[in-house]
file entry-v8.cif (mmCIF, C-alpha atoms)
data_protein
#
loop_
_atom_site.label_atom_id
_atom_site.label_comp_id
_atom_site.auth_asym_id
_atom_site.auth_seq_id
_atom_site.Cartn_x
_atom_site.Cartn_y
_atom_site.Cartn_z
CA MET A 1 0.00 0.00 0.00
CA TYR A 2 1.14 3.57 -0.59
CA TYR A 3 2.83 5.75 1.99
CA LYS A 4 2.27 9.46 2.38
CA ILE A 5 4.51 12.39 3.25
CA ILE A 6 3.68 16.05 3.82
CA ILE A 7 5.88 18.77 2.32
CA SER A 8 5.69 22.48 3.06
CA PRO A 9 6.57 24.33 -0.14
CA GLN A 10 9.14 27.09 0.24
CA LEU A 11 9.16 30.39 -1.60
CA ALA A 12 12.23 29.26 -3.58
CA ASP A 13 10.06 26.49 -5.09
CA THR A 14 7.95 29.11 -6.89
CA ASN A 15 8.80 30.94 -10.10
CA ALA A 16 7.79 34.22 -11.73
CA ALA A 17 4.58 32.58 -12.99
CA ARG A 18 3.59 32.53 -9.28
CA HIS A 19 3.22 28.77 -9.14
CA ILE A 20 5.49 25.92 -8.08
CA ASP A 21 8.19 25.39 -10.70
CA HIS A 22 8.07 22.00 -12.40
CA THR A 23 11.63 21.17 -11.31
CA ALA A 24 10.59 21.53 -7.65
CA ILE A 25 7.92 18.88 -8.19
CA ILE A 26 10.50 16.43 -9.59
CA ASP A 27 12.57 17.22 -6.50
CA TRP A 28 9.64 16.52 -4.12
CA PHE A 29 8.95 13.17 -5.71
CA ASP A 30 12.57 12.16 -5.12
CA ARG A 31 12.33 13.43 -1.55
CA ALA A 32 9.35 11.15 -0.96
CA ARG A 33 11.15 8.11 -2.41
CA VAL A 34 14.00 8.56 0.08
CA TYR A 35 11.85 7.01 2.83
CA MET A 36 11.76 3.79 0.82
CA TYR A 37 15.50 4.00 0.06
CA ARG A 38 16.23 4.37 3.79
CA GLU A 39 14.33 1.20 4.53
CA MET A 40 16.31 -0.62 1.84
CA ASP A 41 19.67 0.63 3.08
CA PRO A 42 19.71 2.78 6.26
CA THR A 43 23.25 3.93 5.39
CA LEU A 44 22.19 4.96 1.85
CA THR A 45 25.60 3.84 0.57
CA PHE A 46 24.01 1.12 -1.60
CA ARG A 47 27.32 -0.66 -1.98
CA PRO A 48 27.66 -2.85 -3.89
CA HIS A 49 23.94 -3.44 -4.42
CA GLY A 50 21.99 -0.34 -5.33
CA LEU A 51 19.33 1.02 -7.61
CA ALA A 52 19.60 3.37 -10.58
CA VAL A 53 16.91 5.56 -12.16
CA LEU A 54 16.32 4.62 -15.82
CA THR A 55 13.43 6.91 -16.73
CA THR A 56 11.18 9.34 -14.93
CA THR A 57 8.00 10.80 -16.40
CA VAL A 58 6.01 13.55 -14.73
CA TYR A 59 2.50 14.60 -15.74
CA TYR A 60 1.55 18.08 -14.57
CA GLN A 61 -2.22 18.28 -14.16
CA ALA A 62 -2.87 21.50 -12.27
CA GLN A 63 -0.78 24.31 -10.86
CA ALA A 64 0.49 23.91 -7.31
CA THR A 65 1.18 26.95 -5.13
CA ALA A 66 3.18 27.71 -2.00
CA LEU A 67 -0.04 28.66 -0.14
CA ALA A 68 -0.66 25.26 1.46
CA ASP A 69 1.17 22.07 2.33
CA VAL A 70 1.23 19.28 -0.24
CA GLU A 71 0.90 15.56 0.21
CA VAL A 72 2.93 13.06 -1.84
CA ARG A 73 1.79 9.43 -2.07
CA THR A 74 4.29 6.79 -3.18
CA TRP A 75 3.71 3.18 -4.18
CA VAL A 76 5.13 0.39 -6.35
CA THR A 77 3.14 -0.69 -9.39
CA LYS A 78 5.48 -3.11 -11.12
CA LEU A 79 8.08 -5.37 -9.62
CA GLY A 80 10.18 -7.35 -12.09
CA ARG A 81 13.37 -9.30 -11.73
CA LYS A 82 15.72 -6.47 -12.65
CA SER A 83 13.52 -3.39 -12.59
CA MET A 84 10.56 -1.88 -10.82
CA GLU A 85 8.18 1.00 -11.39
CA VAL A 86 7.30 3.50 -8.69
CA CYS A 87 4.18 5.65 -9.06
CA GLN A 88 3.60 8.84 -7.10
CA ASP A 89 1.03 11.60 -7.00
CA LEU A 90 0.94 15.04 -5.48
CA TRP A 91 -2.13 16.50 -3.80
CA GLN A 92 -2.89 20.00 -2.61
CA ASP A 93 -6.24 21.14 -1.17
CA GLY A 94 -7.85 17.83 -2.11
CA LYS A 95 -6.88 18.06 -5.76
CA CYS A 96 -4.30 16.00 -7.61
CA ARG A 97 -1.68 18.34 -9.11
CA ALA A 98 0.90 15.97 -10.63
CA LYS A 99 1.65 12.30 -11.14
CA THR A 100 4.88 10.50 -11.88
CA LYS A 101 6.23 7.13 -12.88
CA THR A 102 9.86 6.25 -12.24
CA VAL A 103 11.55 3.10 -13.47
CA VAL A 104 14.53 1.98 -11.42
CA CYS A 105 16.73 -1.06 -11.91
CA GLY A 106 19.08 -3.02 -9.72
CA PHE A 107 22.58 -1.60 -10.12
CA ASN A 108 25.91 -2.86 -8.92
CA VAL A 109 27.87 0.17 -7.80
CA ASP A 110 31.21 -1.67 -7.99
CA THR A 111 30.85 -3.11 -11.50
CA ARG A 112 28.69 -0.14 -12.68
CA THR A 113 26.26 -2.52 -14.41
CA SER A 114 22.62 -3.45 -13.94
CA GLU A 115 21.78 -6.53 -11.92
CA PRO A 116 18.66 -8.24 -10.51
CA ILE A 117 17.01 -6.41 -7.61
CA VAL A 118 18.30 -8.01 -4.38
CA ASP A 119 15.77 -9.84 -2.16
CA SER A 120 16.02 -7.42 0.75
CA PHE A 121 15.05 -4.51 -1.56
CA ARG A 122 12.30 -6.60 -3.07
CA ALA A 123 10.78 -7.23 0.36
CA ILE A 124 10.52 -3.47 0.98
CA ALA A 125 9.11 -2.80 -2.48
CA GLU A 126 6.47 -5.49 -1.89
CA LYS A 127 5.28 -3.67 1.22
CA TYR A 128 4.37 -0.70 -0.94
CA PHE A 129 2.94 -2.66 -3.82
CA TRP A 130 -0.45 -1.27 -4.79
CA ASP A 131 -2.34 -2.11 -7.93
CA GLU A 132 -3.37 1.45 -8.73
CA TYR A 133 -2.04 2.26 -12.15
CA PHE A 134 -2.50 5.35 -14.30
CA GLU A 135 -1.78 6.12 -17.91
CA MET B 1 18.02 23.78 -35.82
CA TYR B 2 19.17 22.67 -32.41
CA MET B 3 21.08 24.88 -30.01
CA THR B 4 24.13 23.55 -28.16
CA THR B 5 25.00 24.81 -24.68
CA ALA B 6 28.06 23.81 -22.69
CA LEU B 7 27.63 23.48 -18.94
CA THR B 8 30.08 22.82 -16.14
CA PRO B 9 28.56 20.37 -13.66
CA GLN B 10 28.99 21.53 -10.09
CA PHE B 11 29.99 19.41 -7.11
CA ALA B 12 26.55 19.99 -5.57
CA ASP B 13 25.06 18.14 -8.58
CA THR B 14 26.57 14.87 -7.33
CA ASP B 15 25.03 12.47 -4.85
CA MET B 16 26.31 9.74 -2.53
CA GLN B 17 26.75 7.43 -5.52
CA GLY B 18 29.50 9.72 -6.81
CA HIS B 19 27.71 10.59 -10.03
CA VAL B 20 25.48 13.48 -11.09
CA ASN B 21 22.07 13.00 -9.49
CA PHE B 22 19.13 12.74 -11.87
CA LEU B 23 17.54 15.89 -10.41
CA ALA B 24 20.41 17.97 -11.78
CA TYR B 25 19.39 17.07 -15.34
CA SER B 26 15.94 18.63 -14.95
CA LYS B 27 17.58 21.83 -13.72
CA TRP B 28 20.11 21.77 -16.58
CA PHE B 29 17.41 21.20 -19.18
CA ASP B 30 15.43 24.14 -17.80
CA ARG B 31 18.53 26.33 -17.49
CA VAL B 32 19.54 25.93 -21.12
CA ARG B 33 15.97 26.66 -22.28
CA THR B 34 16.18 30.14 -20.71
CA PRO B 35 17.51 31.86 -23.89
CA ILE B 36 14.41 30.57 -25.70
CA TYR B 37 12.13 31.88 -22.91
CA ARG B 38 13.87 35.25 -23.23
CA GLU B 39 13.25 35.29 -26.97
CA LEU B 40 9.56 34.61 -26.32
CA ASP B 41 9.22 37.38 -23.75
CA PRO B 42 12.30 39.45 -22.80
CA THR B 43 10.56 40.50 -19.55
CA LEU B 44 9.72 36.88 -18.68
CA ASN B 45 6.36 38.16 -17.38
CA PHE B 46 4.37 35.91 -19.71
CA SER B 47 1.23 37.83 -18.88
CA PRO B 48 -1.31 37.05 -20.12
CA HIS B 49 0.19 34.80 -22.83
CA GLY B 50 2.65 32.22 -21.57
CA MET B 51 3.57 28.57 -21.70
CA VAL B 52 3.25 25.86 -19.05
CA VAL B 53 4.86 22.44 -18.73
CA LEU B 54 2.43 19.54 -19.16
CA LYS B 55 4.84 16.63 -19.06
CA THR B 56 8.52 15.91 -18.63
CA GLU B 57 10.22 12.64 -19.40
CA MET B 58 13.87 11.85 -18.87
CA THR B 59 15.73 8.73 -19.93
CA PHE B 60 19.12 8.06 -18.41
CA LEU B 61 21.53 6.20 -20.66
CA LYS B 62 24.87 6.63 -18.94
CA GLU B 63 26.23 8.15 -15.76
CA VAL B 64 27.54 11.70 -15.87
CA SER B 65 30.45 12.79 -13.67
CA VAL B 66 31.70 16.22 -12.64
CA THR B 67 35.14 15.55 -14.13
CA SER B 68 34.38 17.30 -17.42
CA ASP B 69 31.87 19.68 -19.01
CA VAL B 70 28.68 18.50 -20.64
CA GLN B 71 27.08 19.69 -23.86
CA ILE B 72 23.31 19.95 -24.05
CA ARG B 73 21.45 20.10 -27.34
CA THR B 74 17.97 21.64 -27.36
CA TRP B 75 15.46 21.57 -30.18
CA VAL B 76 11.74 21.63 -30.93
CA SER B 77 10.76 18.14 -32.05
CA LEU B 78 6.99 18.63 -32.41
CA LEU B 79 5.01 21.84 -32.93
CA GLY B 80 1.23 21.69 -32.80
CA ASN B 81 -1.56 24.24 -32.52
CA LYS B 82 -1.68 24.34 -28.72
CA SER B 83 1.35 22.38 -27.62
CA LEU B 84 4.93 21.59 -28.51
CA GLU B 85 7.60 19.11 -27.56
CA VAL B 86 11.16 20.16 -26.77
CA THR B 87 13.79 17.43 -26.90
CA GLN B 88 17.15 17.78 -25.22
CA ASP B 89 20.10 15.49 -24.79
CA VAL B 90 23.18 15.54 -22.60
CA TRP B 91 26.59 14.60 -23.98
CA GLN B 92 29.80 14.05 -22.09
CA GLU B 93 33.10 13.01 -23.70
CA GLY B 94 31.24 12.35 -26.96
CA VAL B 95 28.76 9.95 -25.35
CA ARG B 96 25.00 10.59 -25.22
CA CYS B 97 24.14 10.24 -21.53
CA ALA B 98 20.51 11.33 -21.20
CA VAL B 99 17.50 12.42 -23.22
CA GLY B 100 14.75 14.71 -21.97
CA LYS B 101 11.43 15.49 -23.57
CA THR B 102 9.25 18.32 -22.30
CA ILE B 103 5.75 19.10 -23.51
CA PHE B 104 4.56 22.69 -23.17
CA CYS B 105 1.21 24.21 -24.03
CA GLY B 106 0.07 27.78 -24.55
CA PHE B 107 -1.43 29.11 -21.33
CA ASN B 108 -3.34 32.25 -20.47
CA PHE B 109 -2.30 33.38 -17.00
CA GLU B 110 -5.38 35.62 -16.64
CA THR B 111 -8.00 33.01 -17.46
CA HIS B 112 -5.81 30.16 -16.16
CA SER B 113 -6.62 27.97 -19.11
CA SER B 114 -4.73 26.55 -22.06
CA GLU B 115 -4.77 28.43 -25.36
CA PRO B 116 -3.21 28.11 -28.84
CA ILE B 117 0.45 29.09 -29.19
CA SER B 118 0.61 32.71 -30.43
CA ASP B 119 2.19 33.51 -33.81
CA GLU B 120 5.04 35.40 -32.12
CA PHE B 121 5.90 32.37 -29.99
CA ARG B 122 5.52 30.05 -32.96
CA ALA B 123 8.07 32.07 -34.97
CA VAL B 124 10.65 31.53 -32.21
CA PHE B 125 9.92 27.81 -31.92
CA GLU B 126 10.19 27.39 -35.71
CA LYS B 127 13.83 28.55 -35.49
CA TYR B 128 14.68 25.62 -33.22
CA ARG B 129 12.71 23.00 -35.09
CA TRP B 130 14.78 19.95 -35.96
CA ASP B 131 14.14 16.32 -36.78
CA GLU B 132 16.94 14.17 -35.39
CA HIS B 133 15.78 11.21 -37.50
CA ALA B 134 15.64 13.17 -40.79
CA ASN B 135 19.17 12.31 -41.90
#
call {"tool": "encode", "arguments": {"input": "entry-v8.cif", "output": "structure tokens"}}
result
Amino acid sequence: MYYKIIISPQLADTNAARHIDHTAIIDWFDRARVYMYREMDPTLTFRPHGLAVLTTTVYYQAQATALADVEVRTWVTKLGRKSMEVCQDLWQDGKCRAKTKTVVCGFNVDTRTSEPIVDSFRAIAEKYFWDEYFE
Amino acid sequence: MYMTTALTPQFADTDMQGHVNFLAYSKWFDRVRTPIYRELDPTLNFSPHGMVVLKTEMTFLKEVSVTSDVQIRTWVSLLGNKSLEVTQDVWQEGVRCAVGKTIFCGFNFETHSSEPISDEFRAVFEKYRWDEHAN
């Protein structure tokens, strides 16, 4: 099932269009994923077994502002042998503002090559597995 | 035709894995688009006629390090009535390391709704139009 974090936007997240800049939203999604990374490796060194981001796609659906806190939900939608897909959405004032899909693969930091996702990571990812997919 | 911009990665772009973190790419892509934004509206007010980001997608092909500069190419790959796609890629030491695609649409900041791309904006985008698969 998904987990949820609350973020308070800062003024530096806004731009001259008076809304949250799209790069800040990419940043927030990564910030939310850190909670899962910490469970996988509390030291965050990920050596030698780690994960690498292959693609990330963000869909911006409505403007977000710095006027209220935002909520980011994070869950796992696909869990393969070597890669997994993480879905996230961003809510403000009860309205979904953005969604993202990120594909990560197992990565050996010593050999700098992809590898199957290790079992201990898989167990964490399974905790957050939720069959709620979006196009 | 595409525009090429050289950038010097900064140490703060790296993460614990020793390589440039994926968030830096979204900032780089936005940073090198600034000259185009300035051509669209030298004041960057974009009021009432502006552009907003609908979708960003980044694919990471190879790690980037801070040991040498990167070159980023930027071009308009699709140009429709209301929206356009900007494609960008990051090169380091002659190797293509990442590709980013960003979809923008015309946006009226007074009515807060999408609108067709104005002729003035279109003229600027036409200058950067390029088809990487044409040759």
call {"tool": "residues_around", "arguments": {"input": "entry-v8.cif", "residues": "B:Thr59", "least_positions_apart": "3", "cutoff": "12 Å", "atoms": "only C-alpha atoms", "output": "PyMOL selection string"}}
result
(chain A and resi 52-57+101-104) or (chain B and resi 22+25-26+56+62-63+87-90+96-102)
call {"tool": "atom_distance", "arguments": {"input": "entry-v8.cif", "atom1": "atom CA of A:Val70", "atom2": "atom CA of A:Phe29"}}
result
11.3 Å
call {"tool": "residues_around", "arguments": {"input": "entry-v8.cif", "residues": "B:Thr4", "least_positions_apart": "6", "cutoff": "8 Å", "atoms": "only C-alpha atoms", "output": "ChimeraX atom specification"}}
result
/B:71-74
call {"tool": "closest_residue", "arguments": {"input": "entry-v8.cif", "among": "B:Asp30, B:Asp119, B:Asp69, B:Glu57", "to": "chain A", "atoms": "all atoms listed in the file"}}
result
B:Glu57
call {"tool": "resolve_selection", "arguments": {"input": "entry-v8.cif", "expression": "the PyMOL selection byres ((chain A and resi 100) around 12)", "output": "NGL selection string"}}
result
(:A and (22 or 25-30 or 32-33 or 55-61 or 72-77 or 85-90 or 96-99 or 101-103 or 133-135)) or (:B and (54-58))
call {"tool": "write_last_selection", "arguments": {"input": "entry-v8.cif", "atoms": "C-alpha atoms", "output": "mmCIF file, in the coordinates of the input"}}
result
data_model
loop_
_atom_site.group_PDB
_atom_site.id
_atom_site.type_symbol
_atom_site.label_atom_id
_atom_site.label_comp_id
_atom_site.auth_asym_id
_atom_site.auth_seq_id
_atom_site.Cartn_x
_atom_site.Cartn_y
_atom_site.Cartn_z
ATOM 1 C CA HIS A 22 8.070 22.000 -12.400
ATOM 2 C CA ILE A 25 7.920 18.880 -8.190
ATOM 3 C CA ILE A 26 10.500 16.430 -9.590
ATOM 4 C CA ASP A 27 12.570 17.220 -6.500
ATOM 5 C CA TRP A 28 9.640 16.520 -4.120
ATOM 6 C CA PHE A 29 8.950 13.170 -5.710
ATOM 7 C CA ASP A 30 12.570 12.160 -5.120
ATOM 8 C CA ALA A 32 9.350 11.150 -0.960
ATOM 9 C CA ARG A 33 11.150 8.110 -2.410
ATOM 10 C CA THR A 55 13.430 6.910 -16.730
ATOM 11 C CA THR A 56 11.180 9.340 -14.930
ATOM 12 C CA THR A 57 8.000 10.800 -16.400
ATOM 13 C CA VAL A 58 6.010 13.550 -14.730
ATOM 14 C CA TYR A 59 2.500 14.600 -15.740
ATOM 15 C CA TYR A 60 1.550 18.080 -14.570
ATOM 16 C CA GLN A 61 -2.220 18.280 -14.160
ATOM 17 C CA VAL A 72 2.930 13.060 -1.840
ATOM 18 C CA ARG A 73 1.790 9.430 -2.070
ATOM 19 C CA THR A 74 4.290 6.790 -3.180
ATOM 20 C CA TRP A 75 3.710 3.180 -4.180
ATOM 21 C CA VAL A 76 5.130 0.390 -6.350
ATOM 22 C CA THR A 77 3.140 -0.690 -9.390
ATOM 23 C CA GLU A 85 8.180 1.000 -11.390
ATOM 24 C CA VAL A 86 7.300 3.500 -8.690
ATOM 25 C CA CYS A 87 4.180 5.650 -9.060
ATOM 26 C CA GLN A 88 3.600 8.840 -7.100
ATOM 27 C CA ASP A 89 1.030 11.600 -7.000
ATOM 28 C CA LEU A 90 0.940 15.040 -5.480
ATOM 29 C CA CYS A 96 -4.300 16.000 -7.610
ATOM 30 C CA ARG A 97 -1.680 18.340 -9.110
ATOM 31 C CA ALA A 98 0.900 15.970 -10.630
ATOM 32 C CA LYS A 99 1.650 12.300 -11.140
ATOM 33 C CA LYS A 101 6.230 7.130 -12.880
ATOM 34 C CA THR A 102 9.860 6.250 -12.240
ATOM 35 C CA VAL A 103 11.550 3.100 -13.470
ATOM 36 C CA TYR A 133 -2.040 2.260 -12.150
ATOM 37 C CA PHE A 134 -2.500 5.350 -14.300
ATOM 38 C CA GLU A 135 -1.780 6.120 -17.910
ATOM 39 C CA LEU B 54 2.430 19.540 -19.160
ATOM 40 C CA LYS B 55 4.840 16.630 -19.060
ATOM 41 C CA THR B 56 8.520 15.910 -18.630
ATOM 42 C CA GLU B 57 10.220 12.640 -19.400
ATOM 43 C CA MET B 58 13.870 11.850 -18.870
#
call {"tool": "residues_around", "arguments": {"input": "entry-v8.cif", "residues": "B:Val20", "least_positions_apart": "6", "cutoff": "8 Å", "atoms": "all atoms listed in the file", "output": "PyMOL selection string"}}
result
chain B and resi 9+13-14+63-66
call {"tool": "write_last_selection", "arguments": {"input": "entry-v8.cif", "atoms": "C-alpha atoms", "output": "mmCIF file, in the coordinates of the input"}}
result
data_model
loop_
_atom_site.group_PDB
_atom_site.id
_atom_site.type_symbol
_atom_site.label_atom_id
_atom_site.label_comp_id
_atom_site.auth_asym_id
_atom_site.auth_seq_id
_atom_site.Cartn_x
_atom_site.Cartn_y
_atom_site.Cartn_z
ATOM 1 C CA PRO B 9 28.560 20.370 -13.660
ATOM 2 C CA ASP B 13 25.060 18.140 -8.580
ATOM 3 C CA THR B 14 26.570 14.870 -7.330
ATOM 4 C CA GLU B 63 26.230 8.150 -15.760
ATOM 5 C CA VAL B 64 27.540 11.700 -15.870
ATOM 6 C CA SER B 65 30.450 12.790 -13.670
ATOM 7 C CA VAL B 66 31.700 16.220 -12.640
#
call {"tool": "resolve_selection", "arguments": {"input": "entry-v8.cif", "expression": "the PyMOL selection byres ((chain B and resi 93) around 8)", "output": "number ranges by chain"}}
result
B: 68, 70, 91-92, 94-95
call {"tool": "closest_residue", "arguments": {"input": "entry-v8.cif", "among": "A:Trp130, A:Phe121, A:Trp91, A:Phe46", "to": "chain B", "atoms": "only C-alpha atoms"}}
result
A:Phe46
call {"tool": "resolve_selection", "arguments": {"input": "entry-v8.cif", "expression": "the PyMOL selection byres ((chain A and resi 107) around 7)", "output": "list in words"}}
result
His49, Gly50, Leu51, Ala52, Cys105, Gly106, Asn108, Val109, Arg112, Thr113, Ser114 and Glu115 of chain A
call {"tool": "closest_residue", "arguments": {"input": "entry-v8.cif", "among": "B:Ser113, B:Gln10, B:Ser83, B:Thr67", "to": "chain A", "atoms": "all atoms listed in the file"}}
result
B:Ser113
call {"tool": "closest_residue", "arguments": {"input": "entry-v8.cif", "among": "B:Leu40, B:Cys105, B:Val86, B:Met3", "to": "chain A", "atoms": "all atoms listed in the file"}}
result
B:Cys105
call {"tool": "residues_around", "arguments": {"input": "entry-v8.cif", "residues": "A:Leu11", "least_positions_apart": "5", "cutoff": "12 Å", "atoms": "only C-alpha atoms", "output": "list of chain:residue names"}}
result
A:Ala16, A:Arg18, A:His19, A:Ile20, A:Asp21, A:Ala24, A:Thr65, A:Ala66, A:Leu67, A:Ala68
call {"tool": "atom_distance", "arguments": {"input": "entry-v8.cif", "atom1": "atom CA of A:Leu79", "atom2": "atom CA of B:Ala24"}}
result
26.5 Å
call {"tool": "atom_distance", "arguments": {"input": "entry-v8.cif", "atom1": "atom CA of A:Ile7", "atom2": "atom CA of A:Tyr128"}}
result
19.8 Å
call {"tool": "closest_residue", "arguments": {"input": "entry-v8.cif", "among": "B:Val124, B:Val52, B:Leu78, B:Ile117", "to": "B:Arg38", "atoms": "all atoms listed in the file"}}
result
B:Val124
call {"tool": "closest_residue", "arguments": {"input": "entry-v8.cif", "among": "B:Glu110, B:Glu115, B:Asp131, B:Glu39", "to": "chain A", "atoms": "only C-alpha atoms"}}
result
B:Glu110
call {"tool": "residues_around", "arguments": {"input": "entry-v8.cif", "residues": "B:Phe125", "least_positions_apart": "5", "cutoff": "9 Å", "atoms": "all atoms listed in the file", "output": "list in words"}}
result
Ile36, Leu40, Trp75, Val76, Leu79 and Leu84 of chain B
call {"tool": "decode", "arguments": {"input": "entry-v8.cif", "residues": "stretch 7-18 of chain B", "atoms": "N, CA and C atoms", "output": "PDB file, in the first residue's frame"}}
result
ATOM      1  N   LEU B   7      27.863  23.235 -20.360  1.00  0.00           N
ATOM      2  CA  LEU B   7      27.634  23.479 -18.938  1.00  0.00           C
ATOM      3  C   LEU B   7      28.740  22.804 -18.134  1.00  0.00           C
ATOM      4  N   THR B   8      29.124  23.437 -17.051  1.00  0.00           N
ATOM      5  CA  THR B   8      30.078  22.825 -16.136  1.00  0.00           C
ATOM      6  C   THR B   8      29.297  22.255 -14.958  1.00  0.00           C
ATOM      7  N   PRO B   9      29.268  20.928 -14.812  1.00  0.00           N
ATOM      8  CA  PRO B   9      28.560  20.368 -13.657  1.00  0.00           C
ATOM      9  C   PRO B   9      29.211  20.860 -12.371  1.00  0.00           C
ATOM     10  N   GLN B  10      28.410  21.075 -11.348  1.00  0.00           N
ATOM     11  CA  GLN B  10      28.989  21.530 -10.092  1.00  0.00           C
ATOM     12  C   GLN B  10      28.986  20.377  -9.087  1.00  0.00           C
ATOM     13  N   PHE B  11      29.846  20.493  -8.090  1.00  0.00           N
ATOM     14  CA  PHE B  11      29.990  19.415  -7.109  1.00  0.00           C
ATOM     15  C   PHE B  11      28.664  19.110  -6.431  1.00  0.00           C
ATOM     16  N   ALA B  12      27.858  20.168  -6.226  1.00  0.00           N
ATOM     17  CA  ALA B  12      26.552  19.988  -5.570  1.00  0.00           C
ATOM     18  C   ALA B  12      25.587  19.173  -6.431  1.00  0.00           C
ATOM     19  N   ASP B  13      25.914  18.965  -7.718  1.00  0.00           N
ATOM     20  CA  ASP B  13      25.060  18.137  -8.576  1.00  0.00           C
ATOM     21  C   ASP B  13      25.244  16.644  -8.296  1.00  0.00           C
ATOM     22  N   THR B  14      26.306  16.292  -7.574  1.00  0.00           N
ATOM     23  CA  THR B  14      26.572  14.871  -7.334  1.00  0.00           C
ATOM     24  C   THR B  14      25.796  14.372  -6.110  1.00  0.00           C
ATOM     25  N   ASP B  15      25.656  13.064  -6.027  1.00  0.00           N
ATOM     26  CA  ASP B  15      25.026  12.473  -4.851  1.00  0.00           C
ATOM     27  C   ASP B  15      25.977  11.446  -4.232  1.00  0.00           C
ATOM     28  N   MET B  16      25.470  10.702  -3.248  1.00  0.00           N
ATOM     29  CA  MET B  16      26.307   9.745  -2.528  1.00  0.00           C
ATOM     30  C   MET B  16      26.874   8.642  -3.427  1.00  0.00           C
ATOM     31  N   GLN B  17      26.259   8.454  -4.598  1.00  0.00           N
ATOM     32  CA  GLN B  17      26.750   7.430  -5.516  1.00  0.00           C
ATOM     33  C   GLN B  17      27.974   7.912  -6.294  1.00  0.00           C
ATOM     34  N   GLY B  18      28.321   9.191  -6.148  1.00  0.00           N
ATOM     35  CA  GLY B  18      29.504   9.717  -6.811  1.00  0.00           C
ATOM     36  C   GLY B  18      29.245  10.221  -8.216  1.00  0.00           C
TER      37      GLY B  18
END
